[in-house]
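Trainee: Dropping a structure here in structure tokens format, bear with me for questions.
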Amino acid sequence: MTQIRQAFAYRQDIDGLRALAVLAVLIFHAFPEIVPGGFCGVDVFFVISGFLIGRISLTELHQNGFNTCLFYEKRIRRLVPPLVCVLLAVFGGSALLMECGDLALTARHIAAGSLFSDNLVLLNEAGYFDTLSETKPLLHLWSLGVEEQFYILCPLLFLLFRKNQKTGCTVLLFLTALSFGANVFLSATHSDLVFYSPLTRLWEMGVGILLAFVMMVRPGSIPDVSLPGILFLATSFFGFNSRMHFPGYAALLPVLGAAMMIGSGENGLANRYILKISGLRLIGKISYSLYLWHWPLLVFSLILTNGQADAWVRTGDLLLAFLLATLTWRYVERPTRYGGSSRIKTRFIVMVLLLIAAASYGTWRAGGFCSLRPQAPSLITSLRAMENPYKFYGYPANLRVGVCHFVTEKEWWAHKCLDLRQHNLFLVGDSYAAALYPGLSNQRDLYYPDYGLTQLTDGNAPPFTKPSSGRSDIGLPLASVNAAHLAMIQRYQPDIVVLSWYVFGSNADSDPVETAHLMSGTVDDIFAVSPHSRIVIVGTFPRWQSFLKDQILRYYDTYHILPPPRMAYGLDELNVMFEKRFLATFHNSHAEYISSQAILCPDGQCLTRLSDRATDLTAVDFGHLSAPASRYLLSHIAPRVFTLP
């Protein structure tokens, strides 16, 4: 019994490990270029949660003191009170700062977060075009949902341990292996499901419980592996990035790193000299509240700064998060977790949470109470009520997502995306290139019916034949994607090849000079394999500081009139500067460059809409052309595009 008490006493190093995990997440969200793999901190939290729940429950089982009701009561008093504070703050902040459509969407997430199911709502919303994650103040609650859903299973699992330790351990091993296998098997084809589903995340917490079991039955049997453990974590935090397949096999690194550090005990070398630093331990104590507060603050700052929150603003957000987390820990977490009548506190906490869920659900169903807003022009009313622009504009269908865009090669052939006629045009690039398809198709059908129009596009896949790294949104290496496109051009020798891409995409190069060299190389490679093809580059497109609908609403709220059809308000000037420097560097006689900005933004004033109907905005988000804008642009440049070599 003494050994058990010693093995499972409070461990200062685990608070230090919590601190490393939460700091990685915070810095990743505020400054992703510093810690590009900071999202792995969540995986570390899962292992810690599994270990702590496992050691507490297994110890109680050993002492015949495990109680299912008490298990859930402790979880409620530990997790819910800080969550209630954040949910109320987000509800109030959203009501003040958001349009009613965005408020309705946020209210839906508040209701789901109250019921620990936001990961399932996010999974249902997820798709190639979902509302930008940076506009969802409760996006981070997905991990809390996964954890709470795992806790539903825990008492059943621990009761098996009570009946027979060997049976319990065997079942846990089986579930952990099954979960890990599903995570690996589905990661390439169902990335959203793998990321948000508790079934494909269970293994991470299962590793923590198994570690607790081993340390209980064989105390001191695990050697000091804290140094390689912290090396695993450092490699994950600084070596991973958001463009890679994750979780998948990659999640093994942070999970094993966390398990190795916990298994090494308090006196492990790295634990003793790094994790037990007093500053880290203090951060570890407030890590839960810190995690809850930081993301809503970053989102609200983006809204307040019109999508232009600089480093100072984001640093201020993190400092404010530390302050709020400390106050929450001192005046909410500790008082509700310890002392007083636990049963009365638990009932009150649950009642408040259910009231928040009911009020939020009502707000969502009421559409954010748009009807209570002052009378406004129909365009403004429609834009205010819009929850998800991508769904409103039917944008995946316009780009042929799942048909000829964002598909595997097998699906591409199965959907008969190769369109060959007397003359042929191949459209190559990323989603910005795919946004040209409605316009190209419209012009072809009206005036150039003898042209075949073949779409060779994939998400986040700029048409550079010599990319240094990166993967498309479907998870394929860019080198293989563009090599396959080049092979298609070589095989079918199209009359015209149209290239386009988003110049500030994560797989593009934001340096216009380097981009000019990359594009020139692409043109040379196409010319080498298909010398009779005419090569046309269409770019760059107007770029707004945030969604165009939000820029129009902001203009109306500021000046109380509709913005003019063409305006510079809310434009990102970097786009214009990029094109000027690109054209000054790009010199290749085998290609013709057509600037969309010359059509859409004469004199620096960019076209916002083709009429005062919400359906006729020119951009679906901050840059992707809407179908009407695509048709408008191509109606002006079609004679330059559909010209035989």
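By convention in this document, the chains of the structure tokens carry letters A, B, ... by their order, each chain's residues are numbered from 1, and ligands are numbered from 1 in the order they are shown.
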Residues at most 9 Å from Thr328 (chain A), counting only C-alpha atoms, excluding those fewer than 5 positions away in the same chain, as a list in words?
Mentor: Pro81, Pro82, Cys85, Ile286, Ser289, Leu290, Leu323, Glu333 and Arg334 of chain A
Trainee: Fewer than 3 positions away in the same chain doesn't count, so skip those; otherwise give me all residues within 12 Å of Ala95 (chain A), counting only C-alpha atoms, as a list in words.
Mentor: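 Residues meeting the cut-off are Leu88, Ala89, Val90, Phe91, Gly92, Met98, Glu99, Cys100, Gly101, Asp102, Leu103, Ala104, Leu105, Thr106, Ala107, Phe300, Ser360, Thr363, Trp364, Gly368, Phe369, Cys370 and Arg373 of chain A.
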Trainee: Keeping C-alpha atoms for every residue in the selection just given, could you write it to a file as a JSON list (two decimals), in the first residue's frame?
Mentor:
```
[["chain", "number", "residue", "atom", "x", "y", "z"],
["A", 88, "LEU", "CA", -20.83, 33.05, -21.16],
["A", 89, "ALA", "CA", -18.01, 35.38, -22.23],
["A", 90, "VAL", "CA", -18.09, 34.04, -25.80],
["A", 91, "PHE", "CA", -21.88, 34.41, -25.96],
["A", 92, "GLY", "CA", -21.64, 38.04, -24.82],
["A", 98, "MET", "CA", -20.79, 39.44, -34.75],
["A", 99, "GLU", "CA", -23.49, 39.75, -37.35],
["A", 100, "CYS", "CA", -26.58, 37.71, -36.60],
["A", 101, "GLY", "CA", -25.67, 34.89, -39.01],
["A", 102, "ASP", "CA", -22.26, 34.46, -37.39],
["A", 103, "LEU", "CA", -23.87, 34.76, -33.95],
["A", 104, "ALA", "CA", -26.27, 31.94, -34.84],
["A", 105, "LEU", "CA", -23.38, 29.71, -35.90],
["A", 106, "THR", "CA", -21.44, 30.52, -32.72],
["A", 107, "ALA", "CA", -24.55, 29.87, -30.60],
["A", 300, "PHE", "CA", -12.32, 38.33, -31.23],
["A", 360, "SER", "CA", -27.73, 29.03, -27.14],
["A", 363, "THR", "CA", -30.43, 31.68, -30.41],
["A", 364, "TRP", "CA", -29.23, 29.35, -33.14],
["A", 368, "GLY", "CA", -29.21, 35.02, -34.27],
["A", 369, "PHE", "CA", -32.38, 37.17, -33.96],
["A", 370, "CYS", "CA", -31.80, 38.96, -37.26],
["A", 373, "ARG", "CA", -31.91, 44.29, -36.08]]
```
Trainee: Please identify all polymer residues within 12 Å of Thr608 (chain A), counting only C-alpha atoms, omitting same-chain residues fewer than 6 positions from it, and present them as an MDAnalysis selection string.
Mentor: chainID A and resid 542:544 547:553 555 562:571 600:601 614:623 625:626 628:629
Trainee: Take the selection from the previous step and output its residues with N, CA, C and O atoms, as a compact mmCIF listing (two decimals), in the first residue's frame.
Mentor:
```txt
# COMPACT_ATOMS: atom_id res chain seq x y z
N PRO A 542 -8.12 39.67 -56.65
CA PRO A 542 -8.29 40.59 -55.52
C PRO A 542 -8.29 39.83 -54.20
O PRO A 542 -8.89 38.75 -54.10
N ARG A 543 -7.65 40.42 -53.22
CA ARG A 543 -7.57 39.78 -51.90
C ARG A 543 -8.09 40.76 -50.86
O ARG A 543 -7.56 41.85 -50.70
N TRP A 544 -9.14 40.34 -50.14
CA TRP A 544 -9.73 41.17 -49.09
C TRP A 544 -9.15 40.80 -47.74
O TRP A 544 -8.69 39.68 -47.53
N PHE A 547 -13.47 38.09 -45.13
CA PHE A 547 -14.50 37.74 -46.10
C PHE A 547 -15.10 39.01 -46.69
O PHE A 547 -15.38 39.97 -45.97
N LEU A 548 -15.35 39.00 -47.98
CA LEU A 548 -15.90 40.18 -48.65
C LEU A 548 -17.24 40.58 -48.03
O LEU A 548 -17.52 41.77 -47.87
N LYS A 549 -18.07 39.61 -47.68
CA LYS A 549 -19.36 39.95 -47.06
C LYS A 549 -19.15 40.75 -45.78
O LYS A 549 -19.90 41.68 -45.48
N ASP A 550 -18.12 40.39 -45.02
CA ASP A 550 -17.84 41.11 -43.78
C ASP A 550 -17.32 42.52 -44.05
O ASP A 550 -17.60 43.44 -43.28
N GLN A 551 -16.57 42.69 -45.13
CA GLN A 551 -16.10 44.02 -45.49
C GLN A 551 -17.26 44.93 -45.87
O GLN A 551 -17.30 46.11 -45.51
N ILE A 552 -18.23 44.38 -46.59
CA ILE A 552 -19.41 45.16 -46.98
C ILE A 552 -20.22 45.53 -45.75
O ILE A 552 -20.69 46.68 -45.60
N LEU A 553 -20.39 44.59 -44.83
CA LEU A 553 -21.14 44.86 -43.60
C LEU A 553 -20.43 45.88 -42.73
O LEU A 553 -21.05 46.77 -42.14
N TYR A 555 -18.42 48.22 -43.77
CA TYR A 555 -18.57 49.53 -44.43
C TYR A 555 -19.94 50.11 -44.11
O TYR A 555 -20.07 51.30 -43.78
N LEU A 562 -24.77 51.73 -48.33
CA LEU A 562 -24.16 50.63 -49.06
C LEU A 562 -22.83 51.07 -49.66
O LEU A 562 -22.71 52.21 -50.13
N PRO A 563 -21.83 50.23 -49.65
CA PRO A 563 -20.57 50.60 -50.30
C PRO A 563 -20.77 50.68 -51.80
O PRO A 563 -21.68 50.05 -52.36
N PRO A 564 -19.94 51.43 -52.49
CA PRO A 564 -20.05 51.48 -53.95
C PRO A 564 -19.72 50.12 -54.54
O PRO A 564 -19.04 49.31 -53.91
N PRO A 565 -20.18 49.83 -55.75
CA PRO A 565 -19.88 48.53 -56.37
C PRO A 565 -18.39 48.24 -56.46
O PRO A 565 -17.96 47.09 -56.35
N ARG A 566 -17.59 49.28 -56.64
CA ARG A 566 -16.13 49.12 -56.63
C ARG A 566 -15.56 49.92 -55.47
O ARG A 566 -15.93 51.08 -55.28
N MET A 567 -14.69 49.29 -54.69
CA MET A 567 -14.12 50.02 -53.55
C MET A 567 -12.74 49.48 -53.21
O MET A 567 -12.39 48.33 -53.52
N ALA A 568 -11.97 50.32 -52.53
CA ALA A 568 -10.65 49.93 -52.04
C ALA A 568 -10.71 49.59 -50.55
O ALA A 568 -9.77 49.03 -50.00
N TYR A 569 -11.85 49.93 -49.91
CA TYR A 569 -12.03 49.69 -48.48
C TYR A 569 -11.90 48.19 -48.19
O TYR A 569 -12.59 47.36 -48.77
N GLY A 570 -10.99 47.83 -47.28
CA GLY A 570 -10.83 46.43 -46.88
C GLY A 570 -9.96 45.60 -47.80
O GLY A 570 -9.83 44.39 -47.60
N LEU A 571 -9.35 46.23 -48.81
CA LEU A 571 -8.47 45.48 -49.71
C LEU A 571 -7.10 45.26 -49.08
O LEU A 571 -6.59 46.12 -48.35
N LEU A 600 -10.93 43.37 -62.75
CA LEU A 600 -11.76 43.47 -61.55
C LEU A 600 -11.42 44.69 -60.69
O LEU A 600 -12.24 45.12 -59.88
N CYS A 601 -10.22 45.25 -60.85
CA CYS A 601 -9.79 46.35 -59.98
C CYS A 601 -9.15 47.50 -60.75
O CYS A 601 -8.01 47.89 -60.46
N ALA A 614 -27.34 39.38 -52.72
CA ALA A 614 -26.25 38.70 -52.01
C ALA A 614 -25.61 37.63 -52.87
O ALA A 614 -24.42 37.31 -52.71
N THR A 615 -26.36 37.04 -53.79
CA THR A 615 -25.82 35.98 -54.65
C THR A 615 -24.79 36.48 -55.65
O THR A 615 -24.08 35.68 -56.26
N ASP A 616 -24.71 37.82 -55.81
CA ASP A 616 -23.84 38.37 -56.85
C ASP A 616 -22.57 39.02 -56.32
O ASP A 616 -21.94 39.84 -57.02
N LEU A 617 -22.16 38.69 -55.10
CA LEU A 617 -20.86 39.15 -54.62
C LEU A 617 -19.76 38.53 -55.48
O LEU A 617 -19.91 37.41 -55.99
N THR A 618 -18.64 39.21 -55.62
CA THR A 618 -17.58 38.72 -56.50
C THR A 618 -16.64 37.73 -55.83
O THR A 618 -15.93 37.00 -56.52
N ALA A 619 -16.61 37.72 -54.50
CA ALA A 619 -15.74 36.78 -53.78
C ALA A 619 -16.56 36.01 -52.76
O ALA A 619 -17.38 36.59 -52.04
N VAL A 620 -16.34 34.73 -52.69
CA VAL A 620 -17.04 33.89 -51.73
C VAL A 620 -16.47 34.10 -50.33
O VAL A 620 -17.19 34.11 -49.34
N ASP A 621 -15.16 34.27 -50.27
CA ASP A 621 -14.50 34.49 -48.98
C ASP A 621 -13.62 35.73 -49.10
O ASP A 621 -14.11 36.81 -49.37
N PHE A 622 -12.33 35.58 -48.88
CA PHE A 622 -11.42 36.72 -48.98
C PHE A 622 -10.75 36.80 -50.35
O PHE A 622 -10.02 37.74 -50.63
N GLY A 623 -11.00 35.79 -51.23
CA GLY A 623 -10.35 35.84 -52.52
C GLY A 623 -10.89 34.92 -53.59
O GLY A 623 -10.80 35.24 -54.78
N LEU A 625 -13.00 33.51 -56.32
CA LEU A 625 -14.05 34.13 -57.13
C LEU A 625 -15.36 33.36 -57.00
O LEU A 625 -15.37 32.12 -56.99
N SER A 626 -16.44 34.08 -56.91
CA SER A 626 -17.76 33.46 -56.97
C SER A 626 -18.03 33.05 -58.41
O SER A 626 -17.34 33.49 -59.35
N PRO A 628 -20.60 33.97 -60.36
CA PRO A 628 -20.89 35.15 -61.18
C PRO A 628 -19.64 35.94 -61.54
O PRO A 628 -19.51 36.43 -62.67
N ALA A 629 -18.71 36.08 -60.57
CA ALA A 629 -17.47 36.82 -60.85
C ALA A 629 -16.60 36.08 -61.85
O ALA A 629 -15.95 36.70 -62.71
```
Trainee: Find the residues around Arg400 (chain A) up to 12 Å (only C-alpha atoms counted), leave out those fewer than 6 positions away in its own chain, and share them as number ranges by chain.
Mentor: A: 128-129, 394, 406-407, 412, 415, 417, 431, 433-438, 441, 454-459, 627
Trainee: For the selection you just gave me, I'd like the residues written to a file as a PDB file, in the first residue's frame, keeping N, CA and C atoms.
Mentor:
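Heads up, here's the output in result13.pdb:
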```pdb
ATOM      1  N   TYR A 128     -14.455  20.405 -47.592  1.00  0.00           N
ATOM      2  CA  TYR A 128     -13.404  21.118 -48.310  1.00  0.00           C
ATOM      3  C   TYR A 128     -13.523  22.618 -48.106  1.00  0.00           C
ATOM      4  N   PHE A 129     -14.768  23.119 -48.106  1.00  0.00           N
ATOM      5  CA  PHE A 129     -14.977  24.536 -47.827  1.00  0.00           C
ATOM      6  C   PHE A 129     -15.871  24.652 -46.605  1.00  0.00           C
ATOM      7  N   GLY A 394     -23.080  27.605 -52.792  1.00  0.00           N
ATOM      8  CA  GLY A 394     -22.937  26.297 -53.421  1.00  0.00           C
ATOM      9  C   GLY A 394     -21.551  26.114 -54.016  1.00  0.00           C
ATOM     10  N   PHE A 406     -10.143  18.089 -55.902  1.00  0.00           N
ATOM     11  CA  PHE A 406     -10.024  17.482 -54.570  1.00  0.00           C
ATOM     12  C   PHE A 406     -10.451  16.014 -54.621  1.00  0.00           C
ATOM     13  N   VAL A 407      -9.915  15.283 -55.600  1.00  0.00           N
ATOM     14  CA  VAL A 407     -10.219  13.863 -55.764  1.00  0.00           C
ATOM     15  C   VAL A 407      -8.924  13.099 -56.023  1.00  0.00           C
ATOM     16  N   TRP A 412     -10.927  10.754 -60.341  1.00  0.00           N
ATOM     17  CA  TRP A 412     -10.893  11.686 -61.474  1.00  0.00           C
ATOM     18  C   TRP A 412     -11.250  10.967 -62.765  1.00  0.00           C
ATOM     19  N   HIS A 415     -14.943   9.779 -62.836  1.00  0.00           N
ATOM     20  CA  HIS A 415     -15.919  10.843 -63.080  1.00  0.00           C
ATOM     21  C   HIS A 415     -15.797  11.441 -64.483  1.00  0.00           C
ATOM     22  N   CYS A 417     -13.417  13.132 -66.112  1.00  0.00           N
ATOM     23  CA  CYS A 417     -13.021  14.540 -66.113  1.00  0.00           C
ATOM     24  C   CYS A 417     -12.206  14.931 -67.342  1.00  0.00           C
ATOM     25  N   SER A 431      -7.333  25.697 -55.901  1.00  0.00           N
ATOM     26  CA  SER A 431      -8.755  26.039 -55.854  1.00  0.00           C
ATOM     27  C   SER A 431      -9.042  27.379 -56.527  1.00  0.00           C
ATOM     28  N   ALA A 433      -7.591  28.355 -59.257  1.00  0.00           N
ATOM     29  CA  ALA A 433      -7.707  27.975 -60.659  1.00  0.00           C
ATOM     30  C   ALA A 433      -9.066  27.318 -60.910  1.00  0.00           C
ATOM     31  N   ALA A 434      -9.470  26.442 -59.986  1.00  0.00           N
ATOM     32  CA  ALA A 434     -10.761  25.764 -60.130  1.00  0.00           C
ATOM     33  C   ALA A 434     -11.910  26.772 -60.166  1.00  0.00           C
ATOM     34  N   ALA A 435     -11.732  27.917 -59.476  1.00  0.00           N
ATOM     35  CA  ALA A 435     -12.776  28.944 -59.463  1.00  0.00           C
ATOM     36  C   ALA A 435     -12.974  29.578 -60.840  1.00  0.00           C
ATOM     37  N   LEU A 436     -12.030  29.369 -61.751  1.00  0.00           N
ATOM     38  CA  LEU A 436     -12.182  29.871 -63.115  1.00  0.00           C
ATOM     39  C   LEU A 436     -13.059  28.956 -63.964  1.00  0.00           C
ATOM     40  N   TYR A 437     -13.292  27.745 -63.482  1.00  0.00           N
ATOM     41  CA  TYR A 437     -14.017  26.768 -64.298  1.00  0.00           C
ATOM     42  C   TYR A 437     -15.424  27.242 -64.697  1.00  0.00           C
ATOM     43  N   PRO A 438     -16.238  27.799 -63.767  1.00  0.00           N
ATOM     44  CA  PRO A 438     -17.574  28.242 -64.191  1.00  0.00           C
ATOM     45  C   PRO A 438     -17.524  29.248 -65.335  1.00  0.00           C
ATOM     46  N   SER A 441     -16.231  27.419 -68.574  1.00  0.00           N
ATOM     47  CA  SER A 441     -17.282  26.542 -69.074  1.00  0.00           C
ATOM     48  C   SER A 441     -18.395  27.339 -69.748  1.00  0.00           C
ATOM     49  N   THR A 454     -10.691  20.466 -69.718  1.00  0.00           N
ATOM     50  CA  THR A 454     -10.253  19.460 -68.741  1.00  0.00           C
ATOM     51  C   THR A 454      -9.682  20.146 -67.507  1.00  0.00           C
ATOM     52  N   GLN A 455     -10.191  19.750 -66.353  1.00  0.00           N
ATOM     53  CA  GLN A 455      -9.798  20.367 -65.085  1.00  0.00           C
ATOM     54  C   GLN A 455      -8.760  19.508 -64.366  1.00  0.00           C
ATOM     55  N   LEU A 456      -7.568  20.064 -64.169  1.00  0.00           N
ATOM     56  CA  LEU A 456      -6.487  19.398 -63.431  1.00  0.00           C
ATOM     57  C   LEU A 456      -6.141  20.258 -62.217  1.00  0.00           C
ATOM     58  N   THR A 457      -7.010  20.263 -61.226  1.00  0.00           N
ATOM     59  CA  THR A 457      -6.808  21.112 -60.047  1.00  0.00           C
ATOM     60  C   THR A 457      -6.940  20.300 -58.769  1.00  0.00           C
ATOM     61  N   ASP A 458      -6.260  20.781 -57.746  1.00  0.00           N
ATOM     62  CA  ASP A 458      -6.357  20.166 -56.421  1.00  0.00           C
ATOM     63  C   ASP A 458      -6.162  21.265 -55.389  1.00  0.00           C
ATOM     64  N   GLY A 459      -6.778  21.105 -54.239  1.00  0.00           N
ATOM     65  CA  GLY A 459      -6.684  22.120 -53.202  1.00  0.00           C
ATOM     66  C   GLY A 459      -5.262  22.344 -52.736  1.00  0.00           C
ATOM     67  N   ALA A 627     -19.056  32.222 -58.617  1.00  0.00           N
ATOM     68  CA  ALA A 627     -19.392  31.811 -59.983  1.00  0.00           C
ATOM     69  C   ALA A 627     -19.779  33.008 -60.856  1.00  0.00           C
TER      70      ALA A 627
END
```
Trainee: Using Å and a single decimal, report how far CA of Asn507 (chain A) sits from CA of Gly475 (chain A).
Mentor: 12.2 Å
Trainee: Please give the complete set of residues from region 34-142 of chain A that DSSP, run on the backbone, assigns to helix (DSSP H, G or I), formatted as JSON, numbers by chain.
Mentor: {"A": [38, 39, 40, 41, 42, 43, 44, 45, 46, 47, 48, 49, 50, 51, 52, 53, 54, 55, 56, 57, 58, 59, 60, 61, 62, 68, 69, 70, 71, 72, 73, 74, 75, 76, 77, 78, 79, 80, 81, 82, 83, 84, 85, 86, 87, 88, 89, 90, 91, 92, 93, 94, 95, 96, 97, 100, 101, 102, 103, 104, 105, 106, 107, 108, 109, 110, 111, 112, 113, 114, 118, 119, 120, 121, 122, 123, 124, 125, 133, 134, 135, 139, 140, 141, 142]}
Trainee: How far is it from CA of Leu141 (chain A) to CA of Val25 (chain A), in Å with one decimal?
Mentor: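 A separation of 13.1 Å between them.
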Trainee: Of the candidates A:Val523, A:Leu202, A:Met351, A:Leu324, which one gets nearest to Ile76 (chain A) if we count only C-alpha atoms?
Mentor: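 Nearest candidate to Ile76 (chain A) out of A:Val523, A:Leu202, A:Met351, A:Leu324: A:Met351.
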Trainee: Would you list the contacts of Gln597 (chain A) as JSON, numbers by chain, taking every protein, DNA or RNA residue within 10 Å and counting only C-alpha atoms, but skipping same-chain residues closer than 6 positions in sequence?
Mentor: {"A": [538, 539, 540, 541, 542, 543, 575, 576, 579, 603, 604, 605, 606, 607, 633]}
Trainee: Can you tell me which residues surround Ile152 (chain A) at a distance of at most 12 Å, considering only C-alpha atoms, apart from same-chain residues fewer than 3 positions away, and format the answer as a PDB file with N, CA and C atoms, in the first residue's frame?
Mentor:
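New file selection35.pdb:
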```
ATOM      1  N   THR A  68     -18.951   4.955  -9.671  1.00  0.00           N
ATOM      2  CA  THR A  68     -19.224   5.556 -10.981  1.00  0.00           C
ATOM      3  C   THR A  68     -19.807   6.957 -10.851  1.00  0.00           C
ATOM      4  N   CYS A  69     -20.780   7.131  -9.943  1.00  0.00           N
ATOM      5  CA  CYS A  69     -21.397   8.458  -9.767  1.00  0.00           C
ATOM      6  C   CYS A  69     -20.370   9.478  -9.300  1.00  0.00           C
ATOM      7  N   PHE A  71     -17.212   9.319  -9.845  1.00  0.00           N
ATOM      8  CA  PHE A  71     -16.302   9.540 -10.973  1.00  0.00           C
ATOM      9  C   PHE A  71     -16.808  10.699 -11.838  1.00  0.00           C
ATOM     10  N   TYR A  72     -18.097  10.646 -12.211  1.00  0.00           N
ATOM     11  CA  TYR A  72     -18.657  11.701 -13.063  1.00  0.00           C
ATOM     12  C   TYR A  72     -18.777  13.020 -12.308  1.00  0.00           C
ATOM     13  N   ARG A  75     -15.486  14.762 -12.417  1.00  0.00           N
ATOM     14  CA  ARG A  75     -15.208  15.319 -13.748  1.00  0.00           C
ATOM     15  C   ARG A  75     -15.989  16.614 -13.957  1.00  0.00           C
ATOM     16  N   PHE A 116     -20.625  18.987 -24.441  1.00  0.00           N
ATOM     17  CA  PHE A 116     -19.372  18.286 -24.751  1.00  0.00           C
ATOM     18  C   PHE A 116     -19.480  17.487 -26.047  1.00  0.00           C
ATOM     19  N   GLY A 145     -14.536  17.828 -26.061  1.00  0.00           N
ATOM     20  CA  GLY A 145     -15.580  16.881 -26.427  1.00  0.00           C
ATOM     21  C   GLY A 145     -15.041  15.468 -26.528  1.00  0.00           C
ATOM     22  N   VAL A 146     -13.896  15.303 -27.189  1.00  0.00           N
ATOM     23  CA  VAL A 146     -13.270  13.983 -27.318  1.00  0.00           C
ATOM     24  C   VAL A 146     -12.980  13.393 -25.942  1.00  0.00           C
ATOM     25  N   GLU A 147     -12.435  14.223 -25.059  1.00  0.00           N
ATOM     26  CA  GLU A 147     -12.066  13.751 -23.723  1.00  0.00           C
ATOM     27  C   GLU A 147     -13.289  13.324 -22.920  1.00  0.00           C
ATOM     28  N   GLU A 148     -14.352  14.137 -22.946  1.00  0.00           N
ATOM     29  CA  GLU A 148     -15.546  13.810 -22.177  1.00  0.00           C
ATOM     30  C   GLU A 148     -16.247  12.571 -22.730  1.00  0.00           C
ATOM     31  N   GLN A 149     -16.234  12.405 -24.038  1.00  0.00           N
ATOM     32  CA  GLN A 149     -16.836  11.211 -24.628  1.00  0.00           C
ATOM     33  C   GLN A 149     -16.050   9.966 -24.249  1.00  0.00           C
ATOM     34  N   PRO A 155     -15.819   4.311 -16.824  1.00  0.00           N
ATOM     35  CA  PRO A 155     -16.319   3.481 -15.713  1.00  0.00           C
ATOM     36  C   PRO A 155     -16.546   2.032 -16.117  1.00  0.00           C
ATOM     37  N   LEU A 156     -17.053   1.836 -17.344  1.00  0.00           N
ATOM     38  CA  LEU A 156     -17.268   0.472 -17.836  1.00  0.00           C
ATOM     39  C   LEU A 156     -15.947  -0.273 -17.917  1.00  0.00           C
ATOM     40  N   LEU A 157     -14.945   0.421 -18.384  1.00  0.00           N
ATOM     41  CA  LEU A 157     -13.617  -0.162 -18.520  1.00  0.00           C
ATOM     42  C   LEU A 157     -13.025  -0.506 -17.159  1.00  0.00           C
ATOM     43  N   PHE A 158     -13.173   0.405 -16.211  1.00  0.00           N
ATOM     44  CA  PHE A 158     -12.593   0.167 -14.895  1.00  0.00           C
ATOM     45  C   PHE A 158     -13.329  -0.925 -14.128  1.00  0.00           C
ATOM     46  N   PRO A 198     -13.870  10.683 -31.497  1.00  0.00           N
ATOM     47  CA  PRO A 198     -13.313  10.064 -30.286  1.00  0.00           C
ATOM     48  C   PRO A 198     -12.802   8.652 -30.554  1.00  0.00           C
ATOM     49  N   LEU A 202      -9.144   7.711 -29.118  1.00  0.00           N
ATOM     50  CA  LEU A 202      -9.188   6.934 -27.881  1.00  0.00           C
ATOM     51  C   LEU A 202      -7.823   6.338 -27.527  1.00  0.00           C
TER      52      LEU A 202
END
```
Trainee: Have a look at CA of Leu280 (chain A) and CA of Arg18 (chain A) and let me know their distance in Å, one decimal.
Mentor: 8.4 Å
Trainee: Show me, as a PyMOL selection string, the residues that have an atom within 8 Å of Ala30 (chain A) when counting only C-alpha atoms, minus same-chain residues fewer than 6 positions from it.
Mentor: chain A and resi 298+314-315+318
Trainee: I need the residue nearest Ala366 (chain A) from this list: A:Leu115, A:Leu420, A:Ala385, A:Pro645. Use only C-alpha atoms for the distance.
Mentor: A:Ala385
Trainee: Enumerate the residues of region 448-590 of chain A with a DSSP assignment of strand (DSSP E), computed from the backbone, and present them as an NGL selection string.
Mentor: :A and (451-457 or 496-500 or 534-539 or 566-567)
Trainee: Of the candidates A:Val513, A:Leu282, A:Ile110, A:Leu175, which shows the shortest atom-to-atom distance to Cys154 (chain A), using only C-alpha atoms?
Mentor: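 Among the listed residues, A:Leu175 lies closest to Cys154 (chain A).
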Trainee: Between A:Asn183, A:Ser264, A:Ser510, A:Thr135, single out the one closest to Trp295 (chain A), counting only C-alpha atoms.
Mentor: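 Ranking A:Asn183, A:Ser264, A:Ser510, A:Thr135 by distance to Trp295 (chain A), first place goes to A:Thr135.
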Trainee: Restricting the calculation to only C-alpha atoms, which member of A:Leu256, A:Ala598, A:Leu96, A:Leu518 is positioned closest to Leu231 (chain A)?
Mentor: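 The closest residue to Leu231 (chain A) is A:Leu256.
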